[in-house]
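Engineer: Before I ask anything, let me first share the structure, which is written out below as C-alpha coordinates.
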Number of protein chains: 2
Amino acid sequence: MHILVTNDDGIHAPGLLALAQALRPLGNVTVLAPDRNWSASGHVKTLDRPLRVRPAKLADGSDALTTDGAPSDCVALPLLGLLDRKVDLVVSGINPWANLGHDVTYSGTVTAAMEAAIGGLPGIAVSLNTAPGHQGERDYAPAAEIARRVAVKVMEKGLPRHTLVSVNVPYRPLEDIKGVHITRQGLRVYRDELVRRTDPHGNPYYWIGGEFPDGVPDDGTDFGALAEGYVSITPLQLDMTAYAMMDELRGWEWE
Amino acid sequence: MHILVTNDDGIHAPGLLALAQALRPLGNVTVLAPDRNWSASGHVKTLDRPLRVRPAKLADGSDALTTDGAPSDCVALPLLGLLDRKVDLVVSGINPWANLGHDVTYSGTVTAAMEAAIGGLPGIAVSLNTAPGHQGERDYAPAAEIARRVAVKVMEKGLPRHTLVSVNVPYRPLEDIKGVHITRQGLRVYRDELVRRTDPHGNPYYWIGGEFPDGVPDDGTDFGALAEGYVSITPLQLDMTAYAMMDELRGWEWE
(Lines give C-alpha, C1' and ligand atoms only; values in the text may rest on other atoms or scores of the structure.)
Protein backbone atom coordinates (compact mmCIF):
# COMPACT_ATOMS: atom_id res chain seq x y z
CA MET A 1 0.00 0.00 0.00
CA HIS A 2 1.53 3.28 -1.18
CA ILE A 3 -0.06 6.41 0.31
CA LEU A 4 0.62 9.87 -1.07
CA VAL A 5 0.29 12.61 1.54
CA THR A 6 -0.06 16.24 0.50
CA ASN A 7 -1.69 19.49 1.56
CA ASP A 8 -2.24 23.10 0.52
CA ASP A 9 -0.50 24.82 3.43
CA GLY A 10 2.96 23.80 2.32
CA ILE A 11 5.64 21.30 3.25
CA HIS A 12 6.39 22.84 6.64
CA ALA A 13 2.82 22.82 7.96
CA PRO A 14 2.47 20.89 11.24
CA GLY A 15 -0.81 19.32 10.02
CA LEU A 16 1.08 17.61 7.17
CA LEU A 17 3.63 16.14 9.57
CA ALA A 18 0.93 14.84 11.92
CA LEU A 19 -0.89 13.25 9.00
CA ALA A 20 2.23 11.59 7.56
CA GLN A 21 3.20 10.20 10.96
CA ALA A 22 -0.27 8.78 11.58
CA LEU A 23 -0.39 7.04 8.20
CA ARG A 24 3.11 5.52 8.19
CA PRO A 25 2.05 2.36 10.07
CA LEU A 26 -0.41 1.62 7.23
CA GLY A 27 2.10 1.30 4.41
CA ASN A 28 4.67 3.16 2.38
CA VAL A 29 4.07 6.91 2.71
CA THR A 30 5.38 9.49 0.23
CA VAL A 31 5.01 13.15 1.18
CA LEU A 32 4.91 15.59 -1.73
CA ALA A 33 3.67 19.05 -0.80
CA PRO A 34 3.89 22.60 -2.16
CA ASP A 35 6.87 24.74 -1.19
CA ARG A 36 4.52 27.54 -0.14
CA ASN A 37 1.03 28.09 1.21
CA TRP A 38 -1.72 27.67 -1.42
CA SER A 39 -4.74 28.07 0.89
CA ALA A 40 -7.83 29.12 -1.02
CA SER A 41 -6.04 28.36 -4.25
CA GLY A 42 -8.91 26.42 -5.76
CA HIS A 43 -8.39 23.71 -8.33
CA VAL A 44 -5.28 24.48 -10.36
CA LYS A 45 -3.21 22.24 -12.59
CA THR A 46 -0.04 23.85 -13.87
CA LEU A 47 0.25 23.39 -17.61
CA ASP A 48 1.90 26.65 -18.64
CA ARG A 49 5.22 26.42 -16.83
CA PRO A 50 7.63 23.67 -15.82
CA LEU A 51 7.63 22.34 -12.28
CA ARG A 52 10.51 21.59 -9.98
CA VAL A 53 10.47 18.72 -7.50
CA ARG A 54 13.08 18.82 -4.78
CA PRO A 55 13.95 16.66 -1.76
CA ALA A 56 12.93 18.08 1.61
CA LYS A 57 12.89 17.01 5.25
CA LEU A 58 9.94 17.12 7.58
CA ALA A 59 10.47 18.38 11.13
CA ASP A 60 10.85 14.79 12.40
CA GLY A 61 13.80 14.29 10.03
CA SER A 62 11.90 12.09 7.58
CA ASP A 63 12.35 12.41 3.82
CA ALA A 64 9.78 14.25 1.73
CA LEU A 65 9.45 15.98 -1.63
CA THR A 66 8.40 19.52 -2.36
CA THR A 67 7.40 21.32 -5.55
CA ASP A 68 6.74 24.85 -6.74
CA GLY A 69 3.44 23.53 -8.11
CA ALA A 70 -0.04 23.67 -6.62
CA PRO A 71 -1.75 21.04 -4.43
CA SER A 72 -3.31 19.43 -7.54
CA ASP A 73 0.12 19.21 -9.13
CA CYS A 74 1.35 17.33 -6.05
CA VAL A 75 -1.19 14.65 -7.00
CA ALA A 76 -0.98 14.94 -10.79
CA LEU A 77 2.81 14.48 -10.91
CA PRO A 78 2.84 11.13 -9.05
CA LEU A 79 -0.24 9.94 -10.95
CA LEU A 80 1.62 10.62 -14.18
CA GLY A 81 4.58 8.55 -13.02
CA LEU A 82 6.92 10.87 -11.11
CA LEU A 83 7.58 8.27 -8.43
CA ASP A 84 9.04 4.81 -8.87
CA ARG A 85 5.97 3.25 -7.38
CA LYS A 86 2.28 3.51 -8.17
CA VAL A 87 0.16 5.40 -5.66
CA ASP A 88 -2.84 3.57 -4.15
CA LEU A 89 -4.41 6.28 -1.98
CA VAL A 90 -4.12 10.07 -1.66
CA VAL A 91 -4.66 11.77 1.69
CA SER A 92 -4.60 15.56 1.90
CA GLY A 93 -4.35 17.73 5.02
CA ILE A 94 -4.60 18.27 7.84
CA ASN A 95 -6.08 21.66 7.05
CA PRO A 96 -6.02 23.96 10.11
CA TRP A 97 -9.61 25.09 9.42
CA ALA A 98 -12.75 23.19 8.48
CA ASN A 99 -13.81 22.79 4.83
CA LEU A 100 -17.59 22.83 4.94
CA GLY A 101 -20.47 23.59 2.61
CA HIS A 102 -19.41 25.51 -0.49
CA ASP A 103 -15.87 25.71 0.87
CA VAL A 104 -15.17 22.54 -1.08
CA THR A 105 -15.11 24.55 -4.31
CA TYR A 106 -12.41 26.89 -2.92
CA SER A 107 -10.37 24.49 -0.83
CA GLY A 108 -6.91 23.41 -1.92
CA THR A 109 -7.08 20.54 0.57
CA VAL A 110 -10.23 19.14 -1.02
CA THR A 111 -8.87 19.96 -4.48
CA ALA A 112 -5.92 17.61 -4.00
CA ALA A 113 -8.28 14.75 -3.10
CA MET A 114 -10.45 15.74 -6.08
CA GLU A 115 -7.45 15.47 -8.39
CA ALA A 116 -6.95 11.93 -7.09
CA ALA A 117 -10.61 11.12 -7.82
CA ILE A 118 -10.32 12.54 -11.35
CA GLY A 119 -7.25 10.34 -11.84
CA GLY A 120 -9.12 7.25 -10.63
CA LEU A 121 -7.62 6.96 -7.14
CA PRO A 122 -9.40 7.15 -3.78
CA GLY A 123 -8.92 10.55 -2.16
CA ILE A 124 -9.37 11.67 1.43
CA ALA A 125 -9.30 15.33 2.52
CA VAL A 126 -8.85 15.98 6.25
CA SER A 127 -9.64 19.29 7.96
CA LEU A 128 -9.73 20.41 11.57
CA ASN A 129 -12.64 22.51 12.80
CA THR A 130 -10.67 25.01 14.85
CA ALA A 131 -12.72 27.80 16.44
CA PRO A 132 -12.79 31.13 14.58
CA GLY A 133 -10.08 33.39 15.91
CA HIS A 134 -7.87 30.52 17.10
CA GLN A 135 -4.29 31.70 17.31
CA GLY A 136 -1.03 29.85 17.52
CA GLU A 137 -0.35 26.14 17.63
CA ARG A 138 -2.89 23.37 17.32
CA ASP A 139 -3.03 19.82 18.55
CA TYR A 140 -3.36 17.79 15.34
CA ALA A 141 -3.09 14.42 17.08
CA PRO A 142 -6.83 13.66 17.36
CA ALA A 143 -7.49 14.59 13.72
CA ALA A 144 -4.48 12.54 12.62
CA GLU A 145 -5.82 9.50 14.48
CA ILE A 146 -9.24 9.98 12.83
CA ALA A 147 -7.50 10.31 9.44
CA ARG A 148 -5.72 7.02 10.10
CA ARG A 149 -8.99 5.25 10.91
CA VAL A 150 -10.70 6.63 7.81
CA ALA A 151 -7.73 5.60 5.67
CA VAL A 152 -7.90 2.06 7.08
CA LYS A 153 -11.58 1.84 6.11
CA VAL A 154 -11.04 3.28 2.64
CA MET A 155 -8.13 0.89 2.03
CA GLU A 156 -10.31 -2.04 3.13
CA LYS A 157 -13.53 -1.10 1.32
CA GLY A 158 -12.42 1.17 -1.52
CA LEU A 159 -14.34 4.13 -2.91
CA PRO A 160 -16.41 4.16 -6.09
CA ARG A 161 -14.53 5.57 -9.07
CA HIS A 162 -14.42 9.39 -9.26
CA THR A 163 -15.41 9.91 -5.64
CA LEU A 164 -13.60 11.19 -2.57
CA VAL A 165 -14.38 11.83 1.08
CA SER A 166 -14.01 15.09 2.93
CA VAL A 167 -13.39 14.55 6.63
CA ASN A 168 -13.87 17.36 9.15
CA VAL A 169 -12.81 16.71 12.73
CA PRO A 170 -14.04 18.62 15.80
CA TYR A 171 -11.23 20.41 17.63
CA ARG A 172 -11.32 18.53 20.90
CA PRO A 173 -9.49 15.63 22.59
CA LEU A 174 -10.05 12.25 20.97
CA GLU A 175 -12.03 10.93 23.93
CA ASP A 176 -14.47 13.85 23.65
CA ILE A 177 -15.27 13.13 19.99
CA LYS A 178 -18.66 11.45 20.03
CA GLY A 179 -18.35 9.39 16.85
CA VAL A 180 -18.76 9.69 13.10
CA HIS A 181 -21.63 11.09 11.07
CA ILE A 182 -21.86 10.51 7.33
CA THR A 183 -23.07 13.87 6.10
CA ARG A 184 -24.13 15.91 3.11
CA GLN A 185 -22.57 19.23 2.14
CA GLY A 186 -24.32 21.95 4.15
CA LEU A 187 -25.03 25.58 3.39
CA ARG A 188 -22.19 27.98 4.02
CA VAL A 189 -23.17 31.50 5.01
CA TYR A 190 -20.38 33.83 3.96
CA ARG A 191 -20.23 37.08 5.87
CA ASP A 192 -17.80 38.88 3.64
CA GLU A 193 -17.70 42.64 3.67
CA LEU A 194 -16.08 45.11 1.34
CA VAL A 195 -13.59 47.28 3.23
CA ARG A 196 -12.58 50.42 1.32
CA ARG A 197 -9.32 52.12 2.20
CA THR A 198 -7.13 54.83 0.75
CA ASP A 199 -3.40 54.34 0.29
CA PRO A 200 -0.80 56.97 1.33
CA HIS A 201 -0.95 58.34 -2.23
CA GLY A 202 -4.69 58.96 -2.09
CA ASN A 203 -5.69 55.97 -4.23
CA PRO A 204 -8.42 53.55 -3.20
CA TYR A 205 -7.92 49.87 -2.51
CA TYR A 206 -10.21 47.16 -1.24
CA TRP A 207 -10.16 44.27 1.17
CA ILE A 208 -12.60 41.41 1.12
CA GLY A 209 -13.05 41.31 4.89
CA GLY A 210 -15.85 40.48 7.27
CA GLU A 211 -16.43 37.82 9.88
CA PHE A 212 -15.51 34.17 9.68
CA PRO A 213 -18.10 32.39 7.53
CA ASP A 214 -20.96 30.75 9.33
CA GLY A 215 -22.97 27.65 8.49
CA VAL A 216 -26.47 26.33 8.91
CA PRO A 217 -26.12 23.34 11.28
CA ASP A 218 -29.00 21.42 9.72
CA ASP A 219 -29.56 17.83 10.56
CA GLY A 220 -27.52 15.56 8.33
CA THR A 221 -25.04 18.20 7.19
CA ASP A 222 -21.32 18.61 7.82
CA PHE A 223 -22.07 21.67 9.96
CA GLY A 224 -24.64 19.74 11.97
CA ALA A 225 -22.26 16.87 12.76
CA LEU A 226 -19.50 19.19 14.00
CA ALA A 227 -21.93 21.26 16.07
CA GLU A 228 -22.84 18.08 17.94
CA GLY A 229 -19.24 16.99 18.45
CA TYR A 230 -19.09 14.32 15.74
CA VAL A 231 -16.57 13.80 12.96
CA SER A 232 -18.20 14.71 9.64
CA ILE A 233 -17.43 12.47 6.66
CA THR A 234 -18.95 13.82 3.44
CA PRO A 235 -18.69 11.65 0.34
CA LEU A 236 -18.16 13.87 -2.71
CA GLN A 237 -18.42 13.26 -6.43
CA LEU A 238 -17.42 15.41 -9.38
CA ASP A 239 -20.67 15.68 -11.29
CA MET A 240 -22.13 19.11 -10.52
CA THR A 241 -25.05 18.78 -12.94
CA ALA A 242 -28.28 20.18 -11.52
CA TYR A 243 -30.38 17.25 -12.72
CA ALA A 244 -33.56 18.67 -11.18
CA MET A 245 -33.25 21.72 -13.48
CA MET A 246 -32.89 19.86 -16.75
CA ASP A 247 -36.57 19.39 -17.54
CA GLU A 248 -37.33 22.99 -16.65
CA LEU A 249 -34.59 24.25 -18.98
CA ARG A 250 -35.77 21.94 -21.76
CA GLY A 251 -39.17 23.64 -21.53
CA TRP A 252 -37.71 27.08 -22.25
CA GLU A 253 -38.51 26.93 -25.97
CA TRP A 254 -35.08 27.10 -27.51
CA GLU A 255 -35.31 27.43 -31.25
CA MET B 1 -31.38 45.04 -15.56
CA HIS B 2 -27.73 45.35 -14.55
CA ILE B 3 -25.44 42.70 -16.04
CA LEU B 4 -21.91 42.11 -14.80
CA VAL B 5 -19.60 40.74 -17.49
CA THR B 6 -16.31 39.14 -16.53
CA ASN B 7 -13.89 36.41 -17.62
CA ASP B 8 -10.70 34.63 -16.67
CA ASP B 9 -8.60 35.55 -19.71
CA GLY B 10 -8.26 39.18 -18.72
CA ILE B 11 -9.66 42.55 -19.68
CA HIS B 12 -8.09 42.59 -23.16
CA ALA B 13 -9.45 39.23 -24.32
CA PRO B 14 -11.53 39.48 -27.51
CA GLY B 15 -14.11 37.04 -26.10
CA LEU B 16 -14.90 39.49 -23.30
CA LEU B 17 -15.47 42.34 -25.75
CA ALA B 18 -17.75 40.23 -27.95
CA LEU B 19 -19.76 39.19 -24.89
CA ALA B 20 -20.12 42.73 -23.55
CA GLN B 21 -21.21 44.03 -26.95
CA ALA B 22 -23.81 41.29 -27.36
CA LEU B 23 -25.33 41.92 -23.92
CA ARG B 24 -25.48 45.73 -24.03
CA PRO B 25 -28.89 45.81 -25.76
CA LEU B 26 -30.35 43.86 -22.80
CA GLY B 27 -29.61 46.42 -20.09
CA ASN B 28 -26.89 48.20 -18.23
CA VAL B 29 -23.60 46.29 -18.64
CA THR B 30 -20.62 46.65 -16.31
CA VAL B 31 -17.39 44.96 -17.36
CA LEU B 32 -15.01 44.09 -14.52
CA ALA B 33 -12.29 41.64 -15.49
CA PRO B 34 -8.84 40.61 -14.24
CA ASP B 35 -5.82 42.60 -15.43
CA ARG B 36 -4.09 39.35 -16.44
CA ASN B 37 -4.90 35.86 -17.65
CA TRP B 38 -6.15 33.51 -14.90
CA SER B 39 -6.97 30.49 -17.08
CA ALA B 40 -7.01 27.29 -15.08
CA SER B 41 -6.94 29.35 -11.91
CA GLY B 42 -9.71 27.43 -10.19
CA HIS B 43 -11.95 28.94 -7.57
CA VAL B 44 -10.01 31.62 -5.72
CA LYS B 45 -11.25 34.41 -3.52
CA THR B 46 -8.56 36.85 -2.43
CA LEU B 47 -8.73 37.41 1.32
CA ASP B 48 -5.05 37.79 2.16
CA ARG B 49 -4.14 40.91 0.20
CA PRO B 50 -5.87 44.13 -0.82
CA LEU B 51 -7.28 44.49 -4.31
CA ARG B 52 -7.05 47.39 -6.72
CA VAL B 53 -9.84 48.30 -9.09
CA ARG B 54 -8.94 50.63 -11.94
CA PRO B 55 -10.78 52.11 -14.91
CA ALA B 56 -9.98 50.55 -18.28
CA LYS B 57 -11.12 50.79 -21.89
CA LEU B 58 -12.21 47.92 -24.09
CA ALA B 59 -10.99 47.85 -27.70
CA ASP B 60 -14.25 49.48 -28.86
CA GLY B 61 -13.56 52.47 -26.62
CA SER B 62 -16.18 51.56 -24.02
CA ASP B 63 -15.56 51.99 -20.30
CA ALA B 64 -14.67 48.99 -18.16
CA LEU B 65 -13.03 48.18 -14.84
CA THR B 66 -10.07 45.94 -14.17
CA THR B 67 -8.62 44.45 -10.99
CA ASP B 68 -5.51 42.59 -9.87
CA GLY B 69 -7.85 40.04 -8.31
CA ALA B 70 -9.04 36.69 -9.64
CA PRO B 71 -12.21 35.99 -11.67
CA SER B 72 -14.14 35.19 -8.46
CA ASP B 73 -13.04 38.52 -7.02
CA CYS B 74 -14.48 40.26 -10.08
CA VAL B 75 -17.85 38.89 -8.95
CA ALA B 76 -17.34 39.09 -5.18
CA LEU B 77 -16.40 42.79 -5.21
CA PRO B 78 -19.59 43.98 -6.97
CA LEU B 79 -21.74 41.60 -4.90
CA LEU B 80 -20.28 43.18 -1.77
CA GLY B 81 -21.19 46.65 -2.99
CA LEU B 82 -18.29 47.93 -5.09
CA LEU B 83 -20.59 49.41 -7.72
CA ASP B 84 -23.27 52.04 -7.25
CA ARG B 85 -25.89 49.69 -8.55
CA LYS B 86 -26.95 46.18 -7.59
CA VAL B 87 -26.05 43.44 -10.07
CA ASP B 88 -28.91 41.25 -11.39
CA LEU B 89 -27.03 38.76 -13.56
CA VAL B 90 -23.41 37.65 -14.01
CA VAL B 91 -22.17 36.42 -17.39
CA SER B 92 -18.63 35.11 -17.70
CA GLY B 93 -16.67 34.48 -20.91
CA ILE B 94 -16.34 33.95 -23.71
CA ASN B 95 -13.69 31.37 -22.97
CA PRO B 96 -11.66 30.50 -26.10
CA TRP B 97 -11.87 26.76 -25.29
CA ALA B 98 -14.74 24.56 -24.14
CA ASN B 99 -15.31 23.81 -20.45
CA LEU B 100 -16.65 20.28 -20.40
CA GLY B 101 -16.87 17.38 -17.97
CA HIS B 102 -14.58 17.79 -14.97
CA ASP B 103 -13.18 20.97 -16.50
CA VAL B 104 -15.79 22.83 -14.49
CA THR B 105 -13.76 22.26 -11.32
CA TYR B 106 -10.67 23.87 -12.90
CA SER B 107 -12.25 26.59 -15.00
CA GLY B 108 -11.96 30.24 -14.03
CA THR B 109 -14.81 31.04 -16.43
CA VAL B 110 -17.18 28.65 -14.64
CA THR B 111 -15.79 29.73 -11.29
CA ALA B 112 -16.92 33.32 -11.83
CA ALA B 113 -20.47 32.13 -12.53
CA MET B 114 -20.20 29.83 -9.50
CA GLU B 115 -19.27 32.80 -7.31
CA ALA B 116 -22.45 34.50 -8.53
CA ALA B 117 -24.49 31.40 -7.60
CA ILE B 118 -22.92 31.27 -4.13
CA GLY B 119 -23.83 34.94 -3.71
CA GLY B 120 -27.44 34.27 -4.73
CA LEU B 121 -27.31 35.67 -8.29
CA PRO B 122 -27.94 33.84 -11.56
CA GLY B 123 -24.67 33.02 -13.31
CA ILE B 124 -23.93 32.08 -16.91
CA ALA B 125 -20.55 30.79 -18.12
CA VAL B 126 -19.95 30.86 -21.87
CA SER B 127 -17.23 28.88 -23.64
CA LEU B 128 -16.36 28.29 -27.28
CA ASN B 129 -15.50 24.77 -28.44
CA THR B 130 -12.56 25.64 -30.65
CA ALA B 131 -10.78 22.69 -32.24
CA PRO B 132 -7.61 21.46 -30.49
CA GLY B 133 -4.60 23.15 -31.99
CA HIS B 134 -6.53 26.20 -33.21
CA GLN B 135 -4.15 29.09 -33.62
CA GLY B 136 -4.70 32.80 -33.90
CA GLU B 137 -7.93 34.78 -33.94
CA ARG B 138 -11.40 33.40 -33.43
CA ASP B 139 -14.83 34.51 -34.53
CA TYR B 140 -16.69 35.03 -31.27
CA ALA B 141 -19.82 36.45 -32.89
CA PRO B 142 -21.88 33.22 -32.99
CA ALA B 143 -21.09 32.40 -29.35
CA ALA B 144 -21.87 35.98 -28.34
CA GLU B 145 -25.25 35.77 -30.03
CA ILE B 146 -25.96 32.47 -28.24
CA ALA B 147 -24.90 34.07 -24.95
CA ARG B 148 -27.35 36.90 -25.59
CA ARG B 149 -30.20 34.45 -26.20
CA VAL B 150 -29.40 32.46 -23.06
CA ALA B 151 -29.21 35.67 -21.02
CA VAL B 152 -32.63 36.73 -22.32
CA LYS B 153 -34.11 33.41 -21.19
CA VAL B 154 -32.41 33.51 -17.79
CA MET B 155 -33.59 37.10 -17.24
CA GLU B 156 -37.13 36.08 -18.16
CA LYS B 157 -37.33 32.80 -16.24
CA GLY B 158 -34.70 33.12 -13.52
CA LEU B 159 -32.58 30.30 -12.13
CA PRO B 160 -33.13 28.46 -8.84
CA ARG B 161 -31.01 29.79 -5.98
CA HIS B 162 -27.41 28.52 -5.94
CA THR B 163 -27.44 27.30 -9.52
CA LEU B 164 -25.74 28.43 -12.71
CA VAL B 165 -25.58 27.37 -16.33
CA SER B 166 -22.48 26.47 -18.31
CA VAL B 167 -22.93 27.14 -22.02
CA ASN B 168 -20.59 25.59 -24.59
CA VAL B 169 -20.98 26.71 -28.19
CA PRO B 170 -19.77 24.77 -31.26
CA TYR B 171 -17.17 26.68 -33.26
CA ARG B 172 -19.10 27.19 -36.48
CA PRO B 173 -21.23 29.88 -38.15
CA LEU B 174 -24.51 30.63 -36.40
CA GLU B 175 -26.57 29.16 -39.25
CA ASP B 176 -24.71 25.85 -38.93
CA ILE B 177 -25.52 25.47 -35.23
CA LYS B 178 -28.30 22.92 -35.05
CA GLY B 179 -29.98 24.06 -31.85
CA VAL B 180 -29.68 23.68 -28.10
CA HIS B 181 -29.31 20.56 -25.97
CA ILE B 182 -29.77 20.68 -22.21
CA THR B 183 -27.01 18.36 -21.03
CA ARG B 184 -25.36 16.74 -18.07
CA GLN B 185 -21.68 17.02 -17.26
CA GLY B 186 -19.84 14.35 -19.27
CA LEU B 187 -16.71 12.40 -18.59
CA ARG B 188 -13.47 14.15 -19.41
CA VAL B 189 -10.59 11.93 -20.48
CA TYR B 190 -7.38 13.72 -19.63
CA ARG B 191 -4.39 12.64 -21.66
CA ASP B 192 -1.73 14.33 -19.59
CA GLU B 193 1.81 13.07 -19.74
CA LEU B 194 4.79 13.75 -17.56
CA VAL B 195 7.62 15.23 -19.62
CA ARG B 196 11.00 15.07 -17.86
CA ARG B 197 13.71 17.49 -18.92
CA THR B 198 17.08 18.60 -17.66
CA ASP B 199 17.99 22.27 -17.34
CA PRO B 200 21.32 23.71 -18.59
CA HIS B 201 22.72 23.18 -15.08
CA GLY B 202 21.95 19.46 -15.07
CA ASN B 203 18.90 19.68 -12.78
CA PRO B 204 15.61 17.96 -13.62
CA TYR B 205 12.33 19.75 -14.22
CA TYR B 206 8.92 18.53 -15.29
CA TRP B 207 6.14 19.58 -17.62
CA ILE B 208 2.60 18.33 -17.38
CA GLY B 209 2.18 17.83 -21.12
CA GLY B 210 0.30 15.44 -23.34
CA GLU B 211 -2.49 15.76 -25.83
CA PHE B 212 -5.55 17.97 -25.58
CA PRO B 213 -8.04 16.27 -23.24
CA ASP B 214 -10.69 14.15 -24.86
CA GLY B 215 -14.24 13.40 -23.85
CA VAL B 216 -16.76 10.61 -24.07
CA PRO B 217 -19.52 11.96 -26.36
CA ASP B 218 -22.28 10.01 -24.61
CA ASP B 219 -25.85 10.76 -25.32
CA GLY B 220 -27.15 13.53 -23.13
CA THR B 221 -23.74 14.93 -22.17
CA ASP B 222 -22.04 18.23 -22.96
CA PHE B 223 -19.56 16.36 -25.16
CA GLY B 224 -22.37 14.61 -27.00
CA ALA B 225 -24.22 17.84 -27.81
CA LEU B 226 -21.12 19.54 -29.24
CA ALA B 227 -20.15 16.46 -31.27
CA GLU B 228 -23.52 16.70 -32.99
CA GLY B 229 -23.28 20.44 -33.63
CA TYR B 230 -25.60 21.62 -30.85
CA VAL B 231 -25.06 24.24 -28.18
CA SER B 232 -24.64 22.50 -24.80
CA ILE B 233 -26.32 24.11 -21.80
CA THR B 234 -25.47 22.31 -18.56
CA PRO B 235 -27.26 23.42 -15.40
CA LEU B 236 -24.87 23.21 -12.44
CA GLN B 237 -25.36 23.31 -8.69
CA LEU B 238 -22.87 23.54 -5.86
CA ASP B 239 -23.71 20.46 -3.82
CA MET B 240 -21.08 17.84 -4.64
CA THR B 241 -22.35 15.31 -2.07
CA ALA B 242 -22.26 11.76 -3.40
CA TYR B 243 -25.70 10.89 -2.01
CA ALA B 244 -25.58 7.37 -3.45
CA MET B 245 -22.53 6.62 -1.26
CA MET B 246 -23.99 7.74 2.04
CA ASP B 247 -25.70 4.49 3.01
CA GLU B 248 -22.67 2.46 2.04
CA LEU B 249 -20.42 4.64 4.20
CA ARG B 250 -22.88 4.43 7.11
CA GLY B 251 -22.50 0.66 6.96
CA TRP B 252 -18.75 0.79 7.54
CA GLU B 253 -18.99 0.19 11.30
CA TRP B 254 -17.55 3.40 12.67
CA GLU B 255 -17.14 3.18 16.40
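In the C-alpha coordinates, chains take the letters A, B, ... in the order shown, each chain's residues start at 1, and ligands count up from 1 in the order shown.
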Find the residues around region 227-244 of chain B up to 6 Å (only C-alpha atoms counted), leave out those fewer than 6 positions away in its own chain, and share them as number ranges by chain.
Structural biologist: A: 184-185, 235-237, 240-242; B: 163-169, 177-184
Engineer: For Arg148 (chain A), work out the shell of residues within 8 Å, counting only C-alpha atoms and skipping chain neighbours fewer than 5 positions away, then give it as a list in words.
Structural biologist: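 Selected residues are Leu19, Ala22 and Leu23 of chain A.
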Engineer: What residues in region 139-206 of chain B get the DSSP label alpha helix (DSSP H)? Please answer as a ChimeraX atom specification.
Structural biologist: /B:141-157
Engineer: Please run DSSP on the backbone and report, as a ChimeraX atom specification, all residues within region 108-137 of chain B that come out as strand (DSSP E).
Structural biologist: /B:123-129
Engineer: At a cut-off of 9 Å, using only C-alpha atoms, what residues contact region 77-79 of chain B? Leave out same-chain residues fewer than 4 positions from it and give the result as a list in words.
Structural biologist: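 Everything that qualifies: Glu193, Leu194, Tyr206 and Ile208 of chain A; Leu4, Leu32, Ser72, Asp73, Leu83, Asp84, Arg85, Lys86, Val87, Ala116, Gly119 and Leu121 of chain B.
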